[in-house]
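For reference, coords34.csv (CSV, C-alpha atoms and all ligand atoms):
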chain,number,residue,atom,x,y,z
A,1,MET,CA,-72.0,-14.9,23.2
A,2,GLN,CA,-72.4,-17.2,20.2
A,3,GLN,CA,-73.8,-20.7,20.2
A,4,TRP,CA,-74.7,-23.2,17.5
A,5,ILE,CA,-77.9,-25.2,17.9
A,6,CYS,CA,-79.2,-28.2,16.0
A,7,ASN,CA,-82.9,-27.1,15.6
A,8,GLU,CA,-83.9,-30.2,13.7
A,9,PRO,CA,-82.1,-32.9,11.8
A,10,GLY,CA,-79.9,-31.3,9.1
A,11,VAL,CA,-80.2,-27.8,10.5
A,12,LEU,CA,-77.4,-26.2,12.5
A,13,VAL,CA,-77.9,-22.4,13.3
A,14,SER,CA,-75.8,-19.8,14.9
A,15,GLN,CA,-77.4,-17.7,17.6
A,16,GLN,CA,-76.4,-14.8,19.9
A,17,VAL,CA,-77.4,-15.4,23.5
A,18,GLU,CA,-76.7,-14.0,27.0
A,19,MET,CA,-73.7,-15.4,28.8
A,20,PRO,CA,-74.5,-18.2,31.2
A,21,GLN,CA,-74.5,-17.3,34.9
A,22,ARG,CA,-72.4,-19.3,37.4
A,23,THR,CA,-73.7,-20.4,40.8
A,24,PRO,CA,-71.6,-21.7,43.7
A,25,GLY,CA,-70.2,-25.2,43.0
A,26,PHE,CA,-70.2,-24.5,39.3
A,27,SER,CA,-67.5,-23.0,37.1
A,28,LEU,CA,-67.8,-20.7,34.1
A,29,LEU,CA,-65.8,-22.2,31.2
A,30,ARG,CA,-64.6,-20.9,27.9
A,31,VAL,CA,-64.9,-23.6,25.2
A,32,ARG,CA,-61.5,-23.9,23.4
A,33,ASN,CA,-61.8,-27.2,21.4
A,34,ILE,CA,-64.6,-29.5,20.4
A,35,GLY,CA,-64.1,-32.9,19.0
A,36,ILE,CA,-66.9,-34.2,16.8
A,37,CYS,CA,-67.9,-37.8,17.3
A,38,GLY,CA,-70.3,-40.3,15.8
A,39,THR,CA,-73.0,-39.3,18.3
A,40,ASP,CA,-72.9,-35.7,17.0
A,41,ILE,CA,-73.0,-36.8,13.4
A,42,HIS,CA,-75.9,-39.2,14.0
A,43,ALA,CA,-77.8,-36.6,16.0
A,44,PHE,CA,-77.3,-34.0,13.2
A,45,ALA,CA,-78.4,-36.6,10.6
A,46,GLY,CA,-81.5,-37.4,12.7
A,47,ASN,CA,-80.7,-41.1,13.2
A,48,GLN,CA,-79.6,-41.1,16.9
A,49,PRO,CA,-82.2,-43.0,18.9
A,50,TYR,CA,-84.0,-41.1,21.8
A,51,PHE,CA,-82.6,-37.8,20.7
A,52,SER,CA,-84.7,-34.6,21.0
A,53,TYR,CA,-84.4,-31.2,19.2
A,54,PRO,CA,-83.5,-28.4,19.5
A,55,ARG,CA,-80.2,-29.5,21.0
A,56,ILE,CA,-76.7,-28.0,21.3
A,57,LEU,CA,-74.3,-30.8,20.4
A,58,GLY,CA,-70.7,-31.3,21.6
A,59,HIS,CA,-69.4,-33.3,24.5
A,60,GLU,CA,-65.7,-33.8,23.7
A,61,LEU,CA,-64.3,-30.6,25.1
A,62,ALA,CA,-61.2,-28.7,26.0
A,63,VAL,CA,-62.2,-25.7,28.1
A,64,GLU,CA,-60.4,-22.8,29.9
A,65,ILE,CA,-61.5,-21.9,33.4
A,66,VAL,CA,-62.9,-18.3,33.5
A,67,GLU,CA,-64.5,-18.1,36.9
A,68,SER,CA,-64.5,-20.9,39.6
A,69,ASP,CA,-64.5,-21.6,43.3
A,70,THR,CA,-62.2,-24.6,42.8
A,71,PHE,CA,-60.0,-24.0,39.7
A,72,SER,CA,-57.6,-21.2,38.7
A,73,PRO,CA,-58.7,-18.8,35.9
A,74,GLY,CA,-56.7,-19.5,32.7
A,75,GLU,CA,-56.2,-23.2,33.5
A,76,LEU,CA,-57.1,-25.6,30.8
A,77,ALA,CA,-59.4,-28.6,31.6
A,78,THR,CA,-61.7,-31.2,30.1
A,79,ILE,CA,-65.1,-32.3,31.4
A,80,ILE,CA,-66.6,-35.7,32.1
A,81,PRO,CA,-69.9,-35.2,30.2
A,82,TYR,CA,-71.9,-38.0,32.0
A,83,PHE,CA,-74.0,-36.1,34.5
A,84,ASN,CA,-75.3,-38.5,37.1
A,85,CYS,CA,-77.8,-38.5,40.0
A,86,ALA,CA,-75.4,-39.7,42.7
A,87,THR,CA,-78.2,-41.6,44.4
A,88,CYS,CA,-79.3,-44.5,42.2
A,89,GLY,CA,-78.1,-48.1,42.7
A,90,ALA,CA,-75.4,-47.7,40.0
A,91,CYS,CA,-74.1,-44.4,41.4
A,92,LEU,CA,-74.0,-45.9,44.9
A,93,MET,CA,-71.9,-48.8,43.5
A,94,GLU,CA,-69.5,-46.1,42.1
A,95,ARG,CA,-70.6,-46.8,38.6
A,96,PRO,CA,-72.0,-43.4,37.6
A,97,ASN,CA,-71.1,-44.1,33.9
A,98,CYS,CA,-74.3,-46.3,33.8
A,99,CYS,CA,-76.4,-44.1,36.2
A,100,GLU,CA,-80.1,-44.9,35.9
A,101,ASN,CA,-80.8,-41.2,35.4
A,102,ILE,CA,-77.8,-40.2,33.3
A,103,GLN,CA,-77.8,-37.0,31.5
A,104,VAL,CA,-75.1,-36.8,28.9
A,105,PHE,CA,-73.9,-33.3,28.2
A,106,GLY,CA,-74.6,-32.6,24.5
A,107,VAL,CA,-76.9,-35.6,24.1
A,108,HIS,CA,-79.7,-35.4,26.8
A,109,THR,CA,-78.9,-31.8,27.7
A,110,ASP,CA,-77.4,-28.9,25.8
A,111,GLY,CA,-73.7,-29.4,25.2
A,112,GLY,CA,-70.5,-27.5,24.4
A,113,MET,CA,-71.0,-26.0,20.9
A,114,ARG,CA,-71.1,-22.5,22.4
A,115,GLU,CA,-68.5,-20.0,23.5
A,116,TYR,CA,-69.1,-20.3,27.2
A,117,ILE,CA,-70.6,-23.0,29.4
A,118,VAL,CA,-71.3,-23.5,33.1
A,119,VAL,CA,-70.5,-26.9,34.5
A,120,GLU,CA,-70.6,-28.3,38.0
A,121,ASP,CA,-67.1,-28.6,39.5
A,122,ARG,CA,-67.3,-32.3,40.1
A,123,TYR,CA,-67.3,-32.9,36.3
A,124,ILE,CA,-64.3,-30.7,35.6
A,125,LEU,CA,-60.8,-32.4,35.3
A,126,PRO,CA,-57.7,-30.1,35.3
A,127,GLY,CA,-55.6,-30.4,32.2
A,128,ASN,CA,-52.3,-31.2,33.9
A,129,GLY,CA,-50.3,-29.5,31.1
A,130,LEU,CA,-52.2,-31.2,28.2
A,131,SER,CA,-52.9,-29.1,25.1
A,132,ALA,CA,-56.4,-28.2,24.0
A,133,ASP,CA,-56.2,-30.8,21.2
A,134,GLU,CA,-55.2,-33.5,23.7
A,135,LEU,CA,-57.9,-32.5,26.2
A,136,ALA,CA,-60.6,-32.7,23.5
A,137,LEU,CA,-59.5,-36.3,22.8
A,138,VAL,CA,-59.6,-37.5,26.4
A,139,GLU,CA,-63.3,-38.4,26.4
A,140,PRO,CA,-63.4,-40.7,23.3
A,141,LEU,CA,-60.1,-42.3,24.5
A,142,ALA,CA,-61.7,-42.8,28.0
A,143,ILE,CA,-64.5,-44.7,26.3
A,144,ALA,CA,-62.0,-47.1,24.7
A,145,ALA,CA,-60.1,-47.3,28.0
A,146,HIS,CA,-63.3,-48.3,29.8
A,147,GLY,CA,-64.0,-51.1,27.4
A,148,LEU,CA,-60.5,-52.5,28.0
A,149,ARG,CA,-60.9,-52.1,31.7
A,150,ARG,CA,-64.0,-54.2,31.5
A,151,ALA,CA,-62.0,-56.8,29.6
A,152,GLU,CA,-59.2,-56.9,32.3
A,153,LEU,CA,-56.6,-57.4,29.5
A,154,LYS,CA,-53.4,-59.3,30.3
A,155,ALA,CA,-50.1,-58.6,28.5
A,156,GLY,CA,-49.6,-61.0,25.6
A,157,GLU,CA,-53.3,-61.7,25.2
A,158,LYS,CA,-54.7,-62.1,21.7
A,159,VAL,CA,-57.3,-59.3,21.1
A,160,LEU,CA,-59.6,-58.7,18.2
A,161,VAL,CA,-61.0,-55.2,17.7
A,162,MET,CA,-63.9,-55.1,15.3
A,163,GLY,CA,-64.3,-51.7,13.7
A,164,ALA,CA,-61.7,-49.0,13.1
A,165,GLY,CA,-63.7,-45.8,13.6
A,166,PRO,CA,-62.3,-43.4,16.2
A,167,ILE,CA,-63.4,-45.7,19.2
A,168,GLY,CA,-62.0,-48.8,17.5
A,169,LEU,CA,-58.7,-47.0,16.7
A,170,PHE,CA,-58.4,-45.8,20.3
A,171,THR,CA,-59.2,-49.3,21.6
A,172,ILE,CA,-56.4,-50.7,19.4
A,173,LEU,CA,-54.0,-48.0,20.5
A,174,LEU,CA,-54.7,-48.6,24.2
A,175,ALA,CA,-54.8,-52.4,24.0
A,176,LYS,CA,-51.3,-52.2,22.4
A,177,ILE,CA,-50.1,-49.9,25.2
A,178,GLN,CA,-51.4,-52.6,27.6
A,179,GLY,CA,-49.2,-55.2,25.9
A,180,ALA,CA,-51.9,-57.1,24.1
A,181,LEU,CA,-51.4,-58.7,20.6
A,182,VAL,CA,-54.0,-56.9,18.7
A,183,GLU,CA,-55.6,-57.6,15.3
A,184,VAL,CA,-58.4,-55.6,13.6
A,185,ALA,CA,-61.4,-56.4,11.5
A,186,GLU,CA,-62.5,-53.5,9.3
A,187,PRO,CA,-64.1,-53.8,5.9
A,188,ASN,CA,-63.2,-50.3,4.8
A,189,LYS,CA,-59.8,-50.6,3.1
A,190,ALA,CA,-58.7,-47.0,3.8
A,191,ARG,CA,-59.5,-47.3,7.5
A,192,LEU,CA,-57.8,-50.7,7.7
A,193,GLN,CA,-54.7,-49.3,6.0
A,194,PHE,CA,-54.7,-46.4,8.5
A,195,CYS,CA,-54.5,-49.0,11.3
A,196,VAL,CA,-51.7,-50.9,9.7
A,197,ASP,CA,-49.7,-47.8,8.9
A,198,ASN,CA,-50.2,-45.8,12.1
A,199,LEU,CA,-51.0,-48.4,14.8
A,200,GLY,CA,-48.9,-51.3,13.6
A,201,VAL,CA,-51.7,-53.9,13.8
A,202,SER,CA,-52.5,-56.5,11.2
A,203,GLU,CA,-55.8,-57.5,9.7
A,204,ALA,CA,-57.7,-60.3,11.6
A,205,SER,CA,-56.3,-63.6,10.7
A,206,SER,CA,-56.6,-65.8,13.8
A,207,ALA,CA,-59.5,-68.2,14.4
A,208,ALA,CA,-59.8,-67.4,18.1
A,209,TYR,CA,-59.1,-64.5,20.4
A,210,SER,CA,-59.2,-64.5,24.2
A,211,THR,CA,-60.8,-61.0,24.0
A,212,VAL,CA,-63.1,-59.7,21.2
A,213,ILE,CA,-64.1,-56.1,21.4
A,214,ASP,CA,-66.9,-54.6,19.2
A,215,ALA,CA,-66.5,-51.0,18.2
A,216,THR,CA,-68.8,-51.2,15.2
A,217,GLY,CA,-72.3,-51.0,16.7
A,218,ASN,CA,-73.3,-53.1,13.7
A,219,LEU,CA,-75.7,-56.0,14.2
A,220,ASN,CA,-74.1,-58.4,11.7
A,221,ALA,CA,-70.6,-57.6,13.0
A,222,ILE,CA,-71.7,-58.0,16.6
A,223,GLU,CA,-73.3,-61.4,15.9
A,224,SER,CA,-70.2,-62.6,14.0
A,225,GLY,CA,-68.0,-61.8,17.0
A,226,PHE,CA,-69.3,-64.6,19.2
A,227,ALA,CA,-67.6,-67.2,17.0
A,228,LYS,CA,-64.3,-65.4,17.1
A,229,MET,CA,-63.9,-65.9,20.9
A,230,ALA,CA,-61.5,-68.6,22.1
A,231,HIS,CA,-62.6,-71.0,24.8
A,232,GLY,CA,-62.7,-69.1,28.0
A,233,GLY,CA,-62.9,-65.9,26.1
A,234,LYS,CA,-64.6,-62.5,26.7
A,235,TYR,CA,-66.6,-60.3,24.4
A,236,VAL,CA,-67.0,-56.6,25.2
A,237,LEU,CA,-69.6,-54.6,23.3
A,238,ILE,CA,-68.6,-50.9,23.2
A,239,GLY,CA,-70.6,-50.3,20.1
A,240,LEU,CA,-74.4,-50.0,20.3
A,241,GLN,CA,-77.2,-50.8,17.9
A,242,LYS,CA,-80.9,-51.0,18.2
A,243,GLN,CA,-81.8,-54.6,17.5
A,244,ALA,CA,-81.9,-57.8,19.7
A,245,ILE,CA,-78.7,-59.8,19.4
A,246,SER,CA,-78.9,-63.6,18.9
A,247,PHE,CA,-76.2,-66.2,19.2
A,248,SER,CA,-75.8,-70.0,19.6
A,249,HIS,CA,-76.2,-71.0,23.2
A,250,PRO,CA,-74.3,-74.3,22.8
A,251,GLU,CA,-71.3,-72.4,21.2
A,252,PHE,CA,-71.4,-69.8,23.9
A,253,HIS,CA,-71.7,-72.4,26.7
A,254,LYS,CA,-68.9,-74.7,25.4
A,255,ARG,CA,-66.5,-71.7,25.5
A,256,GLU,CA,-67.7,-70.7,29.0
A,257,ALA,CA,-67.7,-67.2,27.4
A,258,THR,CA,-68.3,-63.9,29.1
A,259,LEU,CA,-70.3,-61.2,27.4
A,260,MET,CA,-70.1,-57.6,28.7
A,261,SER,CA,-71.3,-54.2,27.6
A,262,SER,CA,-69.3,-51.1,28.2
A,263,ARG,CA,-71.0,-47.8,28.6
A,264,ASN,CA,-69.3,-44.4,28.8
A,265,ALA,CA,-66.3,-44.2,31.1
A,266,THR,CA,-65.4,-43.5,34.7
A,267,LEU,CA,-63.1,-41.0,36.4
A,268,GLU,CA,-60.5,-43.7,36.6
A,269,ASP,CA,-60.5,-44.0,32.8
A,270,PHE,CA,-60.2,-40.2,32.3
A,271,HIS,CA,-57.2,-40.1,34.7
A,272,TYR,CA,-55.6,-43.1,32.9
A,273,VAL,CA,-55.9,-41.3,29.5
A,274,ILE,CA,-54.6,-37.9,30.8
A,275,ASN,CA,-51.6,-39.7,32.3
A,276,LEU,CA,-50.8,-41.5,29.0
A,277,PHE,CA,-50.8,-38.1,27.2
A,278,ARG,CA,-48.6,-36.7,30.0
A,279,ASP,CA,-46.2,-39.6,29.5
A,280,GLY,CA,-46.1,-38.9,25.7
A,281,LYS,CA,-47.7,-42.3,24.9
A,282,ILE,CA,-50.4,-40.9,22.6
A,283,GLN,CA,-49.9,-38.5,19.7
A,284,ALA,CA,-53.0,-36.4,19.2
A,285,ASP,CA,-52.0,-35.2,15.7
A,286,LYS,CA,-52.1,-38.7,14.4
A,287,PHE,CA,-55.9,-38.9,14.9
A,288,ILE,CA,-57.0,-35.3,14.0
A,289,SER,CA,-57.7,-35.6,10.3
A,290,HIS,CA,-59.9,-32.4,9.9
A,291,ARG,CA,-59.7,-29.0,11.5
A,292,PHE,CA,-62.3,-26.3,11.6
A,293,THR,CA,-62.5,-22.8,13.0
A,294,LYS,CA,-65.4,-20.9,14.5
A,295,ASN,CA,-66.6,-19.5,11.2
A,296,GLN,CA,-66.7,-22.9,9.6
A,297,VAL,CA,-69.0,-24.5,12.2
A,298,PRO,CA,-72.3,-24.2,10.4
A,299,GLY,CA,-71.0,-26.2,7.4
A,300,ILE,CA,-69.0,-28.8,9.4
A,301,PHE,CA,-71.4,-31.7,9.2
A,302,ALA,CA,-72.0,-31.4,5.4
A,303,LYS,CA,-68.2,-31.4,5.0
A,304,ILE,CA,-67.4,-34.4,7.2
A,305,ASN,CA,-70.3,-36.5,5.9
A,306,GLU,CA,-68.7,-36.6,2.4
A,307,PRO,CA,-67.5,-40.2,2.1
A,308,THR,CA,-64.4,-39.0,0.2
A,309,GLN,CA,-63.2,-37.1,3.3
A,310,GLN,CA,-62.0,-40.2,5.2
A,311,VAL,CA,-62.6,-38.5,8.5
A,312,ILE,CA,-60.9,-39.9,11.6
A,313,LYS,CA,-61.5,-37.1,14.1
A,314,ALA,CA,-62.7,-33.6,13.3
A,315,MET,CA,-61.7,-30.9,15.7
A,316,ILE,CA,-63.2,-27.5,16.0
A,317,THR,CA,-61.0,-24.7,17.5
A,318,LEU,CA,-63.5,-22.2,18.9
A,319,ALA,CA,-61.0,-20.1,20.8
A,320,GLU,CA,-57.2,-20.1,21.1
B,1,ZN,ZN,-68.2,-38.8,21.7
B,2,ZN,ZN,-77.4,-42.4,39.4
Let me see the structure of the file written as structure tokens.
Amino acid sequence: MQQWICNEPGVLVSQQVEMPQRTPGFSLLRVRNIGICGTDIHAFAGNQPYFSYPRILGHELAVEIVESDTFSPGELATIIPYFNCATCGACLMERPNCCENIQVFGVHTDGGMREYIVVEDRYILPGNGLSADELALVEPLAIAAHGLRRAELKAGEKVLVMGAGPIGLFTILLAKIQGALVEVAEPNKARLQFCVDNLGVSEASSAAYSTVIDATGNLNAIESGFAKMAHGGKYVLIGLQKQAISFSHPEFHKREATLMSSRNATLEDFHYVINLFRDGKIQADKFISHRFTKNQVPGIFAKINEPTQQVIKAMITLAE
């Protein structure tokens, strides 16, 4: 079978390798679609912290069951790419998304940019009639859903989403579905316009929001978000950057504010997103701005890194 491996930053090569072998409790899966996300782009560029090479990228997957003890051959599925130890404190508290020993598929271990993969059954979620495009979007949507679950949004609540990359867009979409009054802060005019046109949100204009969500991972943006919280407000950081964050303690105290991080997503979030697709609440096509086929894979990162491309979500169809 064929696989694509990132040998070092900037180098993605195609290889012919043996098919992976399945053992009991694991399924052999054919990779149908791969969504490309910021993590993949940063890893390819060489600026993803704690990343080691060579590495097979790809964690936003639609797969087809080939051989399994649990699932039927031919069935479409997605995977939860956060492999956890099941025994640490976080796992025992049913928070495997922040497992102390987490191994993210395609980040810490080799991922899905290959024709076939073998994955433990407990990480496989049946597709329930979703298309391959939809299934490959479930993981990034689940990240957004998890951030909102942390915020415990109430209908009618004023929410500010900072950053309109894919995670920000999905956060806006889901917050609106949950009945929040959402505004967006995004310096890139084209991205801002996409939100206004496709998600019906307006640019941030209010002085205070009961929930502020960062989806930028940018230090300045994150530090500016504290002042945007209303009294009694919450601040959820989905985005991640490398520096220490500083903020005014008196300002934070007088608001009796709550600061939270949001890492990965849980099974609940994945089910929530799958159900929204089933109910027709999310249109996959709206977010897929670029499509690639198998033969185009080696050049994909060069293509989507061109600033003129205005990439929202790039989707590779490996097999139909
Ligand atoms: Zn991702
Ligand atoms: Zn654990």
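Between CA of Asn47 in chain A and CA of Arg263 in chain A lies a distance of 19.4 Å.
We find CA of Leu174 in chain A and CA of Leu148 in chain A to be spaced 8.0 Å apart.
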Exercise for the section: Can you tell me which residues come within 6 Å of ligand ZN 2 (chain B) when counting all atoms listed in the file, ideally as a ChimeraX atom specification? Expected result: /A:84-88,90-91,96,99-101
Exercise for the section: Between A:Ala284, A:Cys37, A:Ile316, A:Pro298, single out the one closest to Leu12 in chain A, counting only C-alpha atoms. Expected result: A:Pro298
Exercise for the section: Report as a VMD selection string which protein, DNA and RNA residues come within 12 Å of ligand ZN 1 (chain B), using all atoms listed in the file. Expected result: chain A and resid 34 to 43 57 to 61 80 to 82 104 to 107 111 to 112 136 to 144 165 to 167 239 263 to 265 313 to 315
Practice task
Give me, please, the distance in Å between CA of Pro54 in chain A and CA of Cys6 in chain A, quoted to one decimal.
Solution key: 5.5 Å
Fewer than 3 positions away in the same chain doesn't count, so skip those; otherwise give me all residues within 9 Å of Thr293 in chain A, counting all atoms listed in the file, as a PDB file with C-alpha atoms, in the coordinates of the input.
ATOM      1  CA  GLN A 296     -66.700 -22.900   9.600  1.00  0.00           C
ATOM      2  CA  VAL A 297     -69.000 -24.500  12.200  1.00  0.00           C
ATOM      3  CA  MET A 315     -61.700 -30.900  15.700  1.00  0.00           C
ATOM      4  CA  ILE A 316     -63.200 -27.500  16.000  1.00  0.00           C
ATOM      5  CA  THR A 317     -61.000 -24.700  17.500  1.00  0.00           C
ATOM      6  CA  LEU A 318     -63.500 -22.200  18.900  1.00  0.00           C
ATOM      7  CA  ALA A 319     -61.000 -20.100  20.800  1.00  0.00           C
TER       8      ALA A 319
END
Practice task
Show which residues sit within 12 Å of His146 in chain A, as a ChimeraX atom specification. Count only C-alpha atoms, and ignore same-chain residues fewer than 6 positions away.
Solution key: /A:95,97-98,138-140,152-153,167,170-171,174-175,213,236-238,260-273
Handout entry: Residues within 7 Å of Glu203 in chain A, all atoms listed in the file, excluding chain neighbours under 3 positions, as a ChimeraX atom specification
Key = /A:183-185
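Using all atoms listed in the file, the residues found no farther than 10 Å from Ser52 in chain A, other than those of its own chain fewer than 3 positions away, are Cys6, Asn7, Glu8, Pro9, Ala43, Gly46, Gln48, Pro49, Arg55, Val107, His108 and Thr109 of chain A.
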